[in-house]
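Engineer: Sharing model29.csv below, CSV, C-alpha atoms and all ligand atoms:
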chain,number,residue,atom,x,y,z
A,28,MET,CA,162.8,31.8,35.7
A,29,GLU,CA,159.7,33.6,37.0
A,30,HIS,CA,157.7,34.6,34.0
A,31,ILE,CA,157.2,33.4,30.5
A,32,VAL,CA,156.0,36.2,28.3
A,33,LYS,CA,153.5,34.2,26.3
A,34,ASP,CA,152.2,31.9,29.0
A,35,GLU,CA,148.4,32.4,28.7
A,36,ASN,CA,147.7,30.6,32.0
A,37,LYS,CA,149.6,33.1,34.2
A,38,LYS,CA,148.4,36.6,35.0
A,39,GLN,CA,150.7,38.9,33.1
A,40,THR,CA,152.8,41.6,34.7
A,41,LYS,CA,152.6,45.2,33.5
A,42,LEU,CA,155.9,44.7,31.8
A,43,GLN,CA,154.9,41.5,30.0
A,44,LYS,CA,151.8,43.3,28.6
A,45,GLN,CA,154.0,46.0,27.3
A,46,LEU,CA,156.3,43.5,25.7
A,47,LYS,CA,153.5,41.7,23.8
A,48,ASP,CA,154.7,43.0,20.4
A,49,CYS,CA,158.3,42.4,21.1
A,50,ALA,CA,158.5,38.9,19.6
A,51,TRP,CA,162.2,38.3,20.1
A,52,ILE,CA,161.9,38.6,23.9
A,53,THR,CA,161.0,35.1,24.8
A,54,PHE,CA,161.3,35.0,28.6
A,55,VAL,CA,161.1,37.7,31.3
A,56,SER,CA,162.4,37.3,34.9
A,57,GLU,CA,161.5,40.2,37.2
A,58,PRO,CA,163.2,39.8,40.6
A,59,GLU,CA,162.6,42.6,43.1
A,60,GLU,CA,166.3,42.8,43.9
A,61,THR,CA,169.4,41.1,42.7
A,62,ASP,CA,173.1,41.7,42.9
A,63,SER,CA,173.5,42.3,39.2
A,64,THR,CA,171.1,41.5,36.3
A,65,ASN,CA,174.1,40.9,34.1
A,66,ARG,CA,175.3,38.2,36.6
A,67,VAL,CA,171.8,36.6,36.7
A,68,ALA,CA,171.5,36.7,32.9
A,69,LYS,CA,175.0,35.1,32.6
A,70,GLN,CA,174.0,32.3,34.8
A,71,LEU,CA,170.8,31.7,32.8
A,72,ALA,CA,172.9,31.7,29.6
A,73,GLN,CA,175.3,29.2,31.0
A,74,GLU,CA,172.3,27.0,31.9
A,75,GLY,CA,171.3,27.2,28.2
A,76,ALA,CA,168.8,30.1,28.2
A,77,ALA,CA,167.7,31.2,24.7
A,78,GLU,CA,168.4,34.5,23.0
A,79,GLY,CA,165.8,37.0,24.2
A,80,THR,CA,165.9,35.9,27.9
A,81,LEU,CA,165.4,39.1,29.8
A,82,VAL,CA,166.1,39.9,33.5
A,83,VAL,CA,164.6,43.2,34.9
A,84,ALA,CA,165.2,44.1,38.5
A,85,LYS,CA,163.8,46.9,40.6
A,86,ARG,CA,167.2,47.4,42.3
A,87,GLN,CA,170.7,45.9,42.3
A,88,SER,CA,173.0,45.5,45.3
A,89,MET,CA,176.2,45.1,43.2
A,90,GLY,CA,175.4,46.7,39.8
A,91,LYS,CA,178.4,46.5,37.5
A,92,GLY,CA,179.7,49.3,35.3
A,93,ARG,CA,182.4,49.5,32.6
A,94,LEU,CA,186.1,49.2,33.4
A,95,GLY,CA,185.4,47.4,36.7
A,96,ARG,CA,183.4,50.3,38.2
A,97,SER,CA,180.2,49.8,40.1
A,98,PHE,CA,176.8,51.1,38.9
A,99,PHE,CA,174.7,52.7,41.6
A,100,SER,CA,171.3,51.0,41.4
A,101,PRO,CA,168.7,52.0,43.9
A,102,GLU,CA,164.9,51.5,43.5
A,103,GLY,CA,163.4,53.9,40.9
A,104,GLY,CA,165.8,53.1,38.1
A,105,ILE,CA,165.7,50.5,35.3
A,106,TYR,CA,168.2,47.7,35.5
A,107,MET,CA,168.0,45.0,32.9
A,108,SER,CA,170.0,42.5,31.0
A,109,VAL,CA,169.3,40.3,28.0
A,110,VAL,CA,170.9,37.1,26.7
A,111,LEU,CA,172.1,37.4,23.1
A,112,ARG,CA,173.6,34.6,21.0
A,113,PRO,CA,174.9,36.5,17.9
A,114,GLN,CA,176.7,34.8,15.1
A,115,ILE,CA,179.5,37.4,14.8
A,116,THR,CA,183.3,37.7,15.2
A,117,PRO,CA,184.7,39.0,18.4
A,118,GLU,CA,185.7,42.3,16.7
A,119,LYS,CA,182.1,42.9,15.7
A,120,ALA,CA,180.8,42.2,19.2
A,121,VAL,CA,181.6,45.8,20.2
A,122,LEU,CA,178.8,46.8,17.8
A,123,ILE,CA,176.2,45.4,20.2
A,124,THR,CA,176.9,48.3,22.5
A,125,THR,CA,176.8,50.8,19.7
A,126,CYS,CA,173.5,49.3,18.4
A,127,ALA,CA,172.1,49.3,22.0
A,128,ALA,CA,173.0,53.0,22.5
A,129,VAL,CA,171.1,54.0,19.4
A,130,ALA,CA,168.1,51.8,20.5
A,131,VAL,CA,168.0,53.4,24.0
A,132,ALA,CA,168.3,56.9,22.6
A,133,ARG,CA,165.4,56.2,20.1
A,134,ALA,CA,163.3,54.7,22.9
A,135,ILE,CA,163.9,57.7,25.2
A,136,ASP,CA,163.0,60.1,22.4
A,137,ARG,CA,159.8,58.1,21.6
A,138,VAL,CA,158.5,57.6,25.1
A,139,CYS,CA,159.7,60.8,26.8
A,140,GLY,CA,159.6,63.2,23.9
A,141,LEU,CA,163.3,64.2,24.4
A,142,HIS,CA,166.4,64.1,22.3
A,143,ALA,CA,169.0,61.8,23.7
A,144,GLY,CA,172.7,62.1,22.8
A,145,ILE,CA,175.4,59.4,22.9
A,146,LYS,CA,178.7,59.7,24.5
A,147,TRP,CA,181.1,57.1,23.0
A,148,VAL,CA,180.9,54.4,23.6
A,149,ASN,CA,178.0,53.5,25.8
A,150,ASP,CA,176.6,56.4,27.7
A,151,ILE,CA,173.3,58.1,27.0
A,152,PHE,CA,173.3,61.9,27.7
A,153,ILE,CA,170.6,64.5,28.0
A,154,ASN,CA,171.4,68.1,28.6
A,155,GLY,CA,175.0,67.2,29.4
A,156,LYS,CA,174.2,64.6,32.0
A,157,LYS,CA,174.4,60.8,31.9
A,158,VAL,CA,171.0,59.1,32.2
A,159,CYS,CA,172.0,55.6,31.1
A,160,GLY,CA,174.9,53.3,31.0
A,161,ILE,CA,175.3,50.1,28.9
A,162,LEU,CA,177.6,47.1,29.6
A,163,ALA,CA,177.9,44.2,27.2
A,164,GLU,CA,179.9,41.2,28.3
A,165,ALA,CA,180.8,38.4,25.9
A,166,GLU,CA,181.6,34.8,26.8
A,167,MET,CA,183.9,33.3,24.2
A,168,ASN,CA,183.8,29.7,23.0
A,169,PRO,CA,187.5,28.6,23.1
A,170,GLU,CA,187.0,26.1,20.3
A,171,THR,CA,185.4,28.4,17.7
A,172,ALA,CA,186.9,31.6,19.1
A,173,MET,CA,183.5,33.2,18.6
A,174,PRO,CA,181.2,34.5,21.2
A,175,GLU,CA,179.1,31.8,22.9
A,176,TYR,CA,176.7,34.4,24.2
A,177,VAL,CA,176.7,38.1,25.0
A,178,ILE,CA,175.0,39.6,28.0
A,179,LEU,CA,173.7,43.1,27.2
A,180,GLY,CA,173.0,45.1,30.4
A,181,ILE,CA,171.3,48.5,30.5
A,182,GLY,CA,170.9,50.8,33.5
A,183,ILE,CA,168.6,53.9,33.2
A,184,ASN,CA,168.2,56.6,35.9
A,185,VAL,CA,164.5,57.4,36.0
A,186,LYS,CA,163.5,58.8,39.4
A,187,LYS,CA,165.0,61.8,41.0
A,188,GLN,CA,166.1,60.2,44.2
A,189,SER,CA,167.8,57.4,42.3
A,190,VAL,CA,170.8,59.8,41.7
A,191,PRO,CA,173.0,60.1,44.8
A,192,GLU,CA,174.3,63.5,45.9
A,193,GLU,CA,177.9,62.8,44.8
A,194,LEU,CA,176.8,61.9,41.3
A,195,LYS,CA,174.4,64.8,40.8
A,196,GLU,CA,176.9,66.9,38.8
A,197,ILE,CA,177.4,64.2,36.2
A,198,ALA,CA,174.3,62.0,36.4
A,199,GLY,CA,170.8,63.0,35.4
A,200,CYS,CA,167.5,61.2,35.5
A,201,LEU,CA,164.6,61.1,33.1
A,202,GLU,CA,162.1,62.3,35.6
A,203,GLU,CA,163.8,65.7,35.8
A,204,TYR,CA,163.3,66.0,32.1
A,205,GLY,CA,159.6,65.3,32.3
A,206,MET,CA,159.2,61.5,32.1
A,207,MET,CA,156.5,60.1,34.4
A,208,PRO,CA,158.0,57.1,36.4
A,209,GLU,CA,154.8,55.2,35.6
A,210,LYS,CA,156.0,54.9,32.0
A,211,LYS,CA,159.0,52.7,33.1
A,212,GLU,CA,157.5,49.6,31.5
A,213,GLU,CA,156.7,51.4,28.3
A,214,LEU,CA,160.3,52.6,28.1
A,215,ILE,CA,161.7,49.1,28.7
A,216,ALA,CA,159.5,47.7,26.0
A,217,ALA,CA,160.5,50.5,23.6
A,218,VAL,CA,164.2,49.8,24.2
A,219,TRP,CA,163.8,46.2,23.3
A,220,GLU,CA,161.6,46.9,20.3
A,221,GLU,CA,164.1,49.3,18.9
A,222,PHE,CA,167.1,47.1,19.7
A,223,GLY,CA,165.3,44.1,18.1
A,224,MET,CA,165.0,46.0,14.8
A,225,LEU,CA,168.6,47.2,14.8
A,226,TYR,CA,170.1,43.9,15.9
A,227,THR,CA,168.9,42.1,12.8
A,228,ASP,CA,171.3,44.3,10.8
A,229,LEU,CA,174.1,44.2,13.4
A,230,SER,CA,177.0,43.3,11.1
A,231,THR,CA,176.0,45.9,8.4
A,232,ALA,CA,176.2,48.7,11.0
A,233,VAL,CA,173.4,50.7,9.4
A,234,TYR,CA,172.8,52.4,12.7
A,235,MET,CA,176.3,54.0,12.7
A,236,LYS,CA,175.1,57.1,10.8
A,237,GLU,CA,172.5,57.7,13.5
A,238,TYR,CA,175.1,56.9,16.2
A,239,LYS,CA,177.3,59.6,14.8
A,240,GLU,CA,174.5,62.1,14.5
A,241,ARG,CA,173.7,61.6,18.1
A,242,SER,CA,177.3,61.8,19.3
A,243,VAL,CA,178.1,64.4,21.8
A,244,LEU,CA,181.8,64.0,21.2
A,245,LEU,CA,182.3,64.6,17.5
A,246,GLY,CA,184.4,67.7,16.9
A,247,ARG,CA,185.0,68.3,20.6
A,248,GLU,CA,188.2,68.3,22.6
A,249,VAL,CA,188.3,65.4,25.1
A,250,THR,CA,190.7,64.0,27.7
A,251,VAL,CA,191.6,60.4,26.9
A,252,PHE,CA,192.4,58.2,30.0
A,253,ALA,CA,194.6,55.3,28.7
A,254,ALA,CA,196.6,52.8,30.5
A,255,THR,CA,199.8,54.7,29.5
A,256,GLY,CA,198.5,58.0,30.8
A,257,GLU,CA,196.1,60.7,30.0
A,258,TYR,CA,196.2,63.2,27.1
A,259,LYS,CA,194.0,65.7,25.3
A,260,ALA,CA,192.8,65.2,21.7
A,261,VAL,CA,190.1,66.2,19.3
A,262,VAL,CA,187.4,63.7,18.2
A,263,SER,CA,187.3,63.6,14.4
A,264,ASP,CA,185.2,60.5,13.7
A,265,ILE,CA,183.7,57.2,14.9
A,266,ASP,CA,184.5,54.5,12.4
A,267,GLU,CA,182.4,51.6,11.1
A,268,GLU,CA,184.0,49.3,13.7
A,269,GLY,CA,183.0,51.6,16.5
A,270,HIS,CA,186.5,53.0,17.2
A,271,LEU,CA,186.8,56.6,18.4
A,272,VAL,CA,189.1,58.5,15.9
A,273,VAL,CA,191.0,61.3,17.6
A,274,GLU,CA,193.6,63.7,16.4
A,275,ARG,CA,196.5,64.5,18.7
A,276,ASP,CA,199.5,66.6,17.8
A,277,GLY,CA,198.8,66.0,14.0
A,278,SER,CA,198.6,62.3,14.3
A,279,VAL,CA,195.4,60.2,14.1
A,280,GLN,CA,194.6,57.5,16.7
A,281,TYR,CA,192.0,54.8,16.7
A,282,ILE,CA,190.7,54.1,20.2
A,283,SER,CA,188.9,50.8,21.0
A,284,THR,CA,186.3,50.4,23.7
A,285,GLY,CA,187.5,48.8,26.8
A,286,GLU,CA,190.9,50.5,26.6
A,287,VAL,CA,190.1,54.0,27.8
A,288,SER,CA,187.6,56.3,29.2
A,289,VAL,CA,187.0,59.7,27.7
A,290,ARG,CA,185.9,62.9,29.4
A,291,LEU,CA,184.6,66.1,27.8
A,301,LIG,C1,178.5,52.0,32.8
A,301,LIG,O1,177.9,53.1,32.7
A,301,LIG,O2,179.7,51.9,33.1
A,301,LIG,C2,177.7,50.8,32.4
A,301,LIG,C3,176.6,50.5,33.4
A,301,LIG,C4,175.7,49.3,33.1
A,301,LIG,C5,174.7,49.1,34.2
A,301,LIG,C6,173.7,48.0,33.9
A,301,LIG,S1,172.4,48.0,35.1
A,301,LIG,C7,171.9,46.5,34.4
A,301,LIG,C8,173.1,45.7,34.2
A,301,LIG,N1,173.5,44.9,35.3
A,301,LIG,C9,174.7,45.3,35.8
A,301,LIG,O3,175.2,44.9,36.8
A,301,LIG,N2,175.1,46.3,35.0
A,301,LIG,C10,174.3,46.6,33.9
Turn the structure described in the file into structure tokens.

Structural biologist:
Amino acid sequence: MEHIVKDENKKQTKLQKQLKDCAWITFVSEPEETDSTNRVAKQLAQEGAAEGTLVVAKRQSMGKGRLGRSFFSPEGGIYMSVVLRPQITPEKAVLITTCAAVAVARAIDRVCGLHAGIKWVNDIFINGKKVCGILAEAEMNPETAMPEYVILGIGINVKKQSVPEELKEIAGCLEEYGMMPEKKEELIAAVWEEFGMLYTDLSTAVYMKEYKERSVLLGREVTVFAATGEYKAVVSDIDEEGHLVVERDGSVQYISTGEVSVRL
């Protein structure tokens, strides 16, 4: 661990200063580069790190995305993971991603003066382009069958050059929508402030209303990529458990995160 947020004897980093009002973040580690902040946070959690231990890297050499994909993570973006120790059932653990999506969207609105949308389940969209991905990984306790800890990882594209040519069609970055890269630390702190507030009400899912209001999928036709094949369907709802509700040939289907990806 490199930095302790409230250690008065150490010179605080720009990020630590921004996090001063974010009481639930207890420790911050700020490596220049790592393979994956989720991997580092997981290691810290296994060593007993408390809830609110945060890892923020300038770049990642092996950033992880959903469904086994990689997450391109050059310098200029935000790559961070936090250790959570929620007292929730495994079924409710999916709500951490949902809750995080609302928190990131709120933080982007607040710091950048934009309106961020959410593409189920974990992508943040602006003007039809993905600017942020979220990956929550739970470690189960085999005795209690409850999560021992959850690593919540968030990657945000900030600087223009952080989006490679082949991703330019689908990926956007906040700088192209007017965010000053110097506001990175302010945005990071805003994300964790917003998340901290929503996380206290995790199981009541009070943020689901806002999640739906921000959804870029509701009412739209999508292509669902399932293990059994792909099909077209219309999104009719997102339920309280975070399932995507789609209608296909007159029948209603409930899609769980982790099973499929969805394309507009
Ligand atoms: C996705 O869009 O599929 C999820 C991407 C999640 C990327 C973040 S970057 C910080 C954290 N560390 C990782 O290795 N992944 C997450």

Engineer: Which residues, written as a VMD selection string, have at least one atom at most 9 Å from region 214-217 of chain A, with all atoms listed in the file counted and residues fewer than 5 positions away on the same chain left out?

Structural biologist: chain A and resid 42 to 43 45 to 49 105 107 130 to 131 133 to 135 137 to 139 222

Engineer: Any idea what's packed within 10 Å of Arg241 (chain A), counting all atoms listed in the file, ignoring anything in its chain fewer than 3 positions away? Could you give it as a PyMOL selection string?

Structural biologist: chain A and resi 128-129+132+142-147+151-152+235-238+244-245

Engineer: Compare A:Cys200, A:Val185, A:Leu122, A:Ala163 by their minimum atom-to-atom distance to Thr64 (chain A), counting only C-alpha atoms, and give me the closest one.

Structural biologist: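 Among the listed residues, the smallest separation from Thr64 (chain A) belongs to A:Ala163.
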
Engineer: Taking all atoms listed in the file into account, which of A:Gln114, A:Thr284, A:Thr231, A:Thr250 comes nearest ligand LIG 301 (chain A)?

Structural biologist: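 Smallest separation from ligand LIG 301 (chain A) among the options: A:Thr284.
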
Engineer: Please report as CSV every residue of region 159-274 of chain A lying within 12 Å of region 65-68 of chain A, along with the nearest atom pair and their distance in Å (one decimal), using only C-alpha atoms.

Structural biologist:
residue,atom,partner,partner_atom,distance
A:Ile161,CA,A:Asn65,CA,10.6
A:Leu162,CA,A:Asn65,CA,8.4
A:Ala163,CA,A:Asn65,CA,8.5
A:Glu164,CA,A:Asn65,CA,8.2
A:Ala165,CA,A:Asn65,CA,10.9
A:Glu166,CA,A:Ala68,CA,12.0
A:Tyr176,CA,A:Ala68,CA,10.4
A:Val177,CA,A:Ala68,CA,9.6
A:Ile178,CA,A:Asn65,CA,6.3
A:Leu179,CA,A:Asn65,CA,7.3
A:Gly180,CA,A:Asn65,CA,5.7
A:Ile181,CA,A:Asn65,CA,8.9
A:Gly182,CA,A:Asn65,CA,10.4

Engineer: For Gln73 (chain A), which residue among A:Thr227, A:Ser278, A:Thr53, A:Asn168 is the nearest when counting all atoms listed in the file?

Structural biologist: A:Asn168

Engineer: So which one's closest to ligand LIG 301 (chain A), A:Val110, A:Val261, A:Met207, A:Ala77? Using all atoms listed in the file, please.

Structural biologist: A:Val110

Engineer: Need the axis-aligned box for ligand LIG 301 (chain A) with 8 Å each side, so what are the centre and edges in Å to one decimal, as lines of an AutoDock Vina configuration file?

Structural biologist:
center_x = 175.8
center_y = 49.0
center_z = 34.6
size_x = 23.8
size_y = 24.2
size_z = 20.4

Engineer: Suppose you want the space between CA of Arg290 (chain A) and CA of Val273 (chain A); what is it in Å?

Structural biologist: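 Computing the Euclidean distance for CA of Arg290 (chain A) and CA of Val273 (chain A) yields 13.0 Å.
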
Engineer: Env of Tyr106 (chain A): 12 Å cut, atoms = all atoms listed in the file, seq-sep filter 3 positions within chain, self excluded. Answer as a ChimeraX atom specification.

Structural biologist: /A:56-68,81-92,98-103,109,159-162,179-185,189,211-212,214-215

Engineer: Would you output region 160-180 of chain A from that structure, restricted to N, CA, C and O atoms, as a PDB file, in the first residue's frame?

Structural biologist:
ATOM      1  N   GLY A 160     -16.471   1.540 -18.781  1.00  0.00           N
ATOM      2  CA  GLY A 160     -16.891   0.168 -18.535  1.00  0.00           C
ATOM      3  C   GLY A 160     -16.701  -0.168 -17.066  1.00  0.00           C
ATOM      4  O   GLY A 160     -15.818   0.387 -16.400  1.00  0.00           O
ATOM      5  N   ILE A 161     -17.534  -1.069 -16.573  1.00  0.00           N
ATOM      6  CA  ILE A 161     -17.507  -1.421 -15.146  1.00  0.00           C
ATOM      7  C   ILE A 161     -17.434  -2.940 -15.028  1.00  0.00           C
ATOM      8  O   ILE A 161     -18.161  -3.655 -15.726  1.00  0.00           O
ATOM      9  N   LEU A 162     -16.573  -3.415 -14.159  1.00  0.00           N
ATOM     10  CA  LEU A 162     -16.425  -4.866 -13.959  1.00  0.00           C
ATOM     11  C   LEU A 162     -16.393  -5.166 -12.461  1.00  0.00           C
ATOM     12  O   LEU A 162     -15.443  -4.782 -11.776  1.00  0.00           O
ATOM     13  N   ALA A 163     -17.428  -5.857 -11.976  1.00  0.00           N
ATOM     14  CA  ALA A 163     -17.455  -6.259 -10.561  1.00  0.00           C
ATOM     15  C   ALA A 163     -17.177  -7.758 -10.487  1.00  0.00           C
ATOM     16  O   ALA A 163     -17.787  -8.540 -11.221  1.00  0.00           O
ATOM     17  N   GLU A 164     -16.234  -8.153  -9.631  1.00  0.00           N
ATOM     18  CA  GLU A 164     -15.877  -9.567  -9.480  1.00  0.00           C
ATOM     19  C   GLU A 164     -16.044  -9.968  -8.018  1.00  0.00           C
ATOM     20  O   GLU A 164     -15.417  -9.367  -7.144  1.00  0.00           O
ATOM     21  N   ALA A 165     -16.894 -10.962  -7.804  1.00  0.00           N
ATOM     22  CA  ALA A 165     -17.175 -11.379  -6.421  1.00  0.00           C
ATOM     23  C   ALA A 165     -16.385 -12.634  -6.075  1.00  0.00           C
ATOM     24  O   ALA A 165     -16.248 -13.543  -6.901  1.00  0.00           O
ATOM     25  N   GLU A 166     -15.872 -12.676  -4.866  1.00  0.00           N
ATOM     26  CA  GLU A 166     -15.218 -13.889  -4.350  1.00  0.00           C
ATOM     27  C   GLU A 166     -16.150 -14.478  -3.296  1.00  0.00           C
ATOM     28  O   GLU A 166     -16.490 -13.814  -2.309  1.00  0.00           O
ATOM     29  N   MET A 167     -16.591 -15.712  -3.551  1.00  0.00           N
ATOM     30  CA  MET A 167     -17.572 -16.304  -2.637  1.00  0.00           C
ATOM     31  C   MET A 167     -16.896 -16.998  -1.470  1.00  0.00           C
ATOM     32  O   MET A 167     -15.830 -17.591  -1.610  1.00  0.00           O
ATOM     33  N   ASN A 168     -17.547 -16.936  -0.314  1.00  0.00           N
ATOM     34  CA  ASN A 168     -17.115 -17.707   0.846  1.00  0.00           C
ATOM     35  C   ASN A 168     -17.849 -19.049   0.777  1.00  0.00           C
ATOM     36  O   ASN A 168     -19.077 -19.089   0.872  1.00  0.00           O
ATOM     37  N   PRO A 169     -17.121 -20.173   0.581  1.00  0.00           N
ATOM     38  CA  PRO A 169     -17.805 -21.461   0.377  1.00  0.00           C
ATOM     39  C   PRO A 169     -18.616 -21.912   1.587  1.00  0.00           C
ATOM     40  O   PRO A 169     -19.596 -22.645   1.436  1.00  0.00           O
ATOM     41  N   GLU A 170     -18.246 -21.454   2.788  1.00  0.00           N
ATOM     42  CA  GLU A 170     -18.995 -21.884   3.980  1.00  0.00           C
ATOM     43  C   GLU A 170     -20.339 -21.171   4.108  1.00  0.00           C
ATOM     44  O   GLU A 170     -21.360 -21.774   4.415  1.00  0.00           O
ATOM     45  N   THR A 171     -20.309 -19.850   3.858  1.00  0.00           N
ATOM     46  CA  THR A 171     -21.549 -19.079   4.042  1.00  0.00           C
ATOM     47  C   THR A 171     -22.329 -18.939   2.731  1.00  0.00           C
ATOM     48  O   THR A 171     -23.486 -18.520   2.740  1.00  0.00           O
ATOM     49  N   ALA A 172     -21.686 -19.269   1.613  1.00  0.00           N
ATOM     50  CA  ALA A 172     -22.276 -19.054   0.278  1.00  0.00           C
ATOM     51  C   ALA A 172     -22.647 -17.585   0.056  1.00  0.00           C
ATOM     52  O   ALA A 172     -23.581 -17.274  -0.685  1.00  0.00           O
ATOM     53  N   MET A 173     -21.950 -16.705   0.744  1.00  0.00           N
ATOM     54  CA  MET A 173     -22.140 -15.254   0.574  1.00  0.00           C
ATOM     55  C   MET A 173     -20.833 -14.678   0.027  1.00  0.00           C
ATOM     56  O   MET A 173     -19.770 -15.272   0.192  1.00  0.00           O
ATOM     57  N   PRO A 174     -20.895 -13.499  -0.589  1.00  0.00           N
ATOM     58  CA  PRO A 174     -19.639 -12.922  -1.074  1.00  0.00           C
ATOM     59  C   PRO A 174     -18.689 -12.563   0.075  1.00  0.00           C
ATOM     60  O   PRO A 174     -19.105 -11.941   1.042  1.00  0.00           O
ATOM     61  N   GLU A 175     -17.450 -13.007  -0.041  1.00  0.00           N
ATOM     62  CA  GLU A 175     -16.417 -12.663   0.954  1.00  0.00           C
ATOM     63  C   GLU A 175     -16.002 -11.206   0.718  1.00  0.00           C
ATOM     64  O   GLU A 175     -15.840 -10.428   1.633  1.00  0.00           O
ATOM     65  N   TYR A 176     -15.830 -10.878  -0.560  1.00  0.00           N
ATOM     66  CA  TYR A 176     -15.583  -9.499  -0.967  1.00  0.00           C
ATOM     67  C   TYR A 176     -15.949  -9.353  -2.435  1.00  0.00           C
ATOM     68  O   TYR A 176     -16.103 -10.357  -3.153  1.00  0.00           O
ATOM     69  N   VAL A 177     -16.116  -8.129  -2.841  1.00  0.00           N
ATOM     70  CA  VAL A 177     -16.380  -7.834  -4.252  1.00  0.00           C
ATOM     71  C   VAL A 177     -15.378  -6.767  -4.686  1.00  0.00           C
ATOM     72  O   VAL A 177     -15.159  -5.786  -3.973  1.00  0.00           O
ATOM     73  N   ILE A 178     -14.750  -6.982  -5.829  1.00  0.00           N
ATOM     74  CA  ILE A 178     -13.857  -5.970  -6.394  1.00  0.00           C
ATOM     75  C   ILE A 178     -14.643  -5.232  -7.478  1.00  0.00           C
ATOM     76  O   ILE A 178     -15.113  -5.847  -8.439  1.00  0.00           O
ATOM     77  N   LEU A 179     -14.790  -3.941  -7.283  1.00  0.00           N
ATOM     78  CA  LEU A 179     -15.511  -3.123  -8.261  1.00  0.00           C
ATOM     79  C   LEU A 179     -14.495  -2.309  -9.057  1.00  0.00           C
ATOM     80  O   LEU A 179     -13.791  -1.461  -8.506  1.00  0.00           O
ATOM     81  N   GLY A 180     -14.389  -2.613 -10.351  1.00  0.00           N
ATOM     82  CA  GLY A 180     -13.417  -1.931 -11.214  1.00  0.00           C
ATOM     83  C   GLY A 180     -14.123  -1.019 -12.211  1.00  0.00           C
ATOM     84  O   GLY A 180     -15.154  -1.384 -12.783  1.00  0.00           O
TER      85      GLY A 180
END
